[in-house]
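Asks: The structure is given below, and queries will be raised subsequently.
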Amino acid sequence: MGWLQVLQKKATEIPLKSVAGSVLLVDDEVEIIQMLSTLLIAHNYLVFEATSGEEGLRIYREKKPQIVITDLKMPGFSGLDLLQAIREQDNFTEVIVLTAYSDSNAIITALKNRASDFVLKPVDVDTLLLTIDRALERLKLKERVKNYTEQLESLLHDVNVTKDYLEKIVENSPQAIIAYDEQGVITAWNSEAEKITGYPSQDAIGRNLRDIFVMEEALIKPDADTLSYKNVVAQVVTRTGDICFISRNANAILNENGQIIGGIENFYDITEQIKNDQLLQKRYLQLQTINEIGKKIASCNDLKEISQFVSDRLVKTFFESSQITIFYYDPEKDGMVLTAMSGLNIDRIRTRYPVGTAYDKNRGIIGHVFNTGKEIIANDVHTIPFYQPGALDDTRSEFAFPIRFKDQVFGVLNIENIENIEPDEADRFMLETIAEYLGIGKERIELMGRITKQNHQLELQAEELRKALNKVESQKEIIEEQNKRLINDLKKAAEFQRSLLPESLPDFKDLKLAGLYVPSSQLGGDFYDVMVLDDRYVAIVLADASGHGVAAAMLSAMFKMTLQKYADQVLQPAEVLQKMNRDFSGILQMGEFFSAFLAVYDREENKLRYSNAGHPRPVLFHYDSGEIEELDTNGFLLGILSDGIEFEQKEKQLNGKTRLMIYTDGINEAVNAQEEQFGVKRIHSFMKNHADQPPDKFILNIRESLAKFTGDDSFEDDITIIVADRL
């Protein structure tokens, strides 16, 4: 029985009630729409459905639902576009976004654009219903604040500023209203104020406001610069000792001479709202932490440095009263080696448990997690039969997560707490993700180590070759003759390599093209081509082979032949790159690879379909808006790995006059005498400042600019550019 049948069966078991609220579901996957719609209807929600962002915006404007649940990733008008369009109209509607487990950047962007909450895919039914319940509570609070404000404004409009009349209004008001004199002594205190603070009027009237509010004092004072305050958030202690957050609004009471003789305030309880905001802020901070740790792991090759960064970041951000330790298994020691630690009394604990010490791999919670590969959440360690004391003397709770990559467990991320705590769903998501990142980082570092070792072996072989060359120094004339032949062969190879490139680019009325190729020496590894598939489609490809010289030239020839093999499939760039990667992975040697960008332009519908394999992001300039856009798609280098490598394909609708610039990293990575790179920002600036030049002149000018920047007309790397103007 599928999800839809289960939810339909569940719907028949729930008695009908009044409508709980109105919800708009927006997702381009019809099955998800049907599943969620069935679930919400079963829980008495009025449900509207849309399978695209544009349709969702139209229904939102017509039906005005209380809650919008939208997928972030949709073609065309995305969920983020829908969120921004809704927020341009109102801040009242609750917008909940759906996104994948790994897309933390998308979640952070949505929260920055004032998304109310988010739910991870695949959707957990209970989590979704709980999220919707929280949204309804926030809506009720907003409505209550709105009603209270309208009532207060109506009362204040008609009020006659006299103490007697003011006391009658305060006494009969359904809101928390108080009044005080110029010294802050309370003169009026209604029942709603008693309900929020716990102080009855007989205990409040006659006392100074700061004695009741404890942490706060009167807003209106005789020497105040302003006669009113709006929405001042305050923190007060109730009569029972609880912390309560209130939103205060105050107006001055004036005598006939316009002098301040006191103040009147209304306030309402926003404790629950503050808690929700704090929870949302915590979740945002968790995503930000994941993102920062991910960047550190991706950019650092020192496992100890990465591990210490992770433990320090977690302690500083979330676990100040905890002890965090990170262990990795060492086969030579056959034990769990303590690699990093942070937390309470760190100097004393490091003396007892030095970093680098190996421990029994079967010991306690850490050993159990390592051997089983399953996380352990122990909010009371004394209930765990295999628990063994760790770094802290008074550990009350402990949770540990396996550091793994695919099916291999490398170590354990462990957190000991001096209190009985249990991580919530967001905490577990953060720690599971960080542990997974640590596993990926260790695998990457080990791979880099193997590559470094192989490079060292190559260097040793090169040294042997140099020694061999010294032995034949006496045969210099023979070597010089061989060099002459080699130079002649290189010239022929250079001619062959240049023959791979198009002599000229096709010319269209609606599409103007220009290309530039400047090798770093006699031979280079760059390749480009423009293929006219038919009257409608034009394919553009630019590739960069690793290295220089004959080997790079041969690689570029191999790229062209392999591309021709799949020329009839080029309308799907991602599939072509996938197949080429599979072919190259089986034949290329260590250190040989390609970066490539493949695009197909539809002249009929003005659409650009493209895919990227580890190549610098092409730049799209929109003449109408003057904006620069990078074409970002995910894809790894060709020829290194075949298993688990996928290439993302995107499609861009081109409206108005646009310029596309595709280039190799020889441009942005070119350096000047100060070791400063030319960089992507200069490319963007050049695009804007020289947009009025035709493609051929634009390309020549960027070469001159690059030569002026580096101080040399010859470059350390190959320079290749394709510029396409859609008129």
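Just so we're on the same page: first chain in the structure tokens is A, next is B, and so on; residues restart at 1 for each chain, and ligands are numbered from 1 in the order they show up.
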Tell me, as a list of chain:residue names, which residues lie within 12 Å of Gln84 (chain A), counting only C-alpha atoms; anything in the same chain fewer than 5 positions away does not count.

Replies: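 So the residues in contact are A:Gly53, A:Leu57, A:Leu72, A:Phe77, A:Ser78, A:Gly79, A:Gln89, A:Asp90, A:Asn91, A:Val95, A:Thr109, A:Ala110, A:Leu111, A:Lys112, A:Asn113, A:Arg114, A:Ala115.
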
Asks: Show which residues sit within 10 Å of region 579-589 of chain A, as a PyMOL selection string. Count only C-alpha atoms, and ignore same-chain residues fewer than 3 positions away.

Replies: chain A and resi 555+558-559+562-563+565-566+574-576+592-594+613+636-643+645-647

Asks: For CA of Ile33 (chain A) and CA of Gln66 (chain A), quote the distance in Å rounded to one decimal.

Replies: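 CA of Gln66 (chain A) lies 17.6 Å from CA of Ile33 (chain A).
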
Asks: So what do you get for CA of Leu314 (chain A) versus CA of Leu338 (chain A), distance-wise?

Replies: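 So the two atoms, CA of Leu314 (chain A) and CA of Leu338 (chain A), lie 16.8 Å apart.
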
Asks: Write out as a PyMOL selection string which residues come within 12 Å of Glu503 (chain A) when counting only C-alpha atoms, dropping same-chain ones fewer than 3 positions away.

Replies: chain A and resi 498-500+506+514-517+528-530

Asks: Using only C-alpha atoms for the distances, tell me which of A:Gln273, A:Asp103, A:Leu80, A:Gly206 is nearest to Leu141 (chain A).

Replies: A:Gln273

Asks: Give the strand (DSSP E) residues of region 642-691 of chain A, as DSSP finds them on the backbone, and put them as JSON, numbers by chain.

Replies: {"A": [649, 650, 651, 652, 653, 658, 659, 660, 661, 662, 663]}

Asks: I need the chosen residues saved as a PDB file, in the first residue's frame, with C-alpha atoms.

Replies:
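The resulting file, selection02.pdb, is reproduced below:
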ATOM      1  CA  GLN A 649      21.672  20.409 -16.464  1.00  0.00           C
ATOM      2  CA  LYS A 650      19.884  23.748 -16.441  1.00  0.00           C
ATOM      3  CA  GLU A 651      17.935  25.822 -18.939  1.00  0.00           C
ATOM      4  CA  LYS A 652      17.939  29.612 -19.152  1.00  0.00           C
ATOM      5  CA  GLN A 653      15.324  31.707 -20.994  1.00  0.00           C
ATOM      6  CA  THR A 658      22.377  39.291 -23.924  1.00  0.00           C
ATOM      7  CA  ARG A 659      26.078  38.460 -24.122  1.00  0.00           C
ATOM      8  CA  LEU A 660      27.499  35.076 -23.095  1.00  0.00           C
ATOM      9  CA  MET A 661      31.208  34.767 -22.301  1.00  0.00           C
ATOM     10  CA  ILE A 662      32.785  31.312 -21.831  1.00  0.00           C
ATOM     11  CA  TYR A 663      36.458  31.201 -20.821  1.00  0.00           C
TER      12      TYR A 663
END

Asks: For Gly335 (chain A), which residue among A:Leu128, A:Ile366, A:Leu136, A:Val619 is the nearest when counting only C-alpha atoms?

Replies: A:Ile366

Asks: Out of A:Asn634, A:Ser321, A:Ser307, A:Ser154, which residue has the shortest atom-to-atom distance to Met341 (chain A) when counting only C-alpha atoms?

Replies: A:Ser307

Asks: Point out the residue among A:Gly294, A:Asn470, A:Val19, A:Pro222 with the least atom-to-atom distance to Asn255 (chain A), counting only C-alpha atoms.

Replies: A:Pro222

Asks: Any idea what's packed within 7 Å of Ile421 (chain A), counting only C-alpha atoms, ignoring anything in its chain fewer than 2 positions away? Could you give it as JSON, numbers by chain?

Replies: {"A": [379, 397, 419, 423]}

Asks: Could you write out the selected residues, including C-alpha atoms, as an mmCIF file, in the first residue's frame?

Replies:
data_model
loop_
_atom_site.group_PDB
_atom_site.id
_atom_site.type_symbol
_atom_site.label_atom_id
_atom_site.label_comp_id
_atom_site.auth_asym_id
_atom_site.auth_seq_id
_atom_site.Cartn_x
_atom_site.Cartn_y
_atom_site.Cartn_z
ATOM 1 C CA ASN A 379 19.962 11.654 27.957
ATOM 2 C CA SER A 397 24.084 12.768 29.261
ATOM 3 C CA GLU A 419 23.111 18.044 32.452
ATOM 4 C CA PRO A 423 19.058 16.964 21.308
#

Asks: Which residue out of A:Arg609, A:His548, A:Lys512, A:Lys275 has the minimum interatomic distance to Ile722 (chain A) when only C-alpha atoms are used?

Replies: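 Counting only C-alpha atoms, the residue closest to Ile722 (chain A) is A:Lys512.
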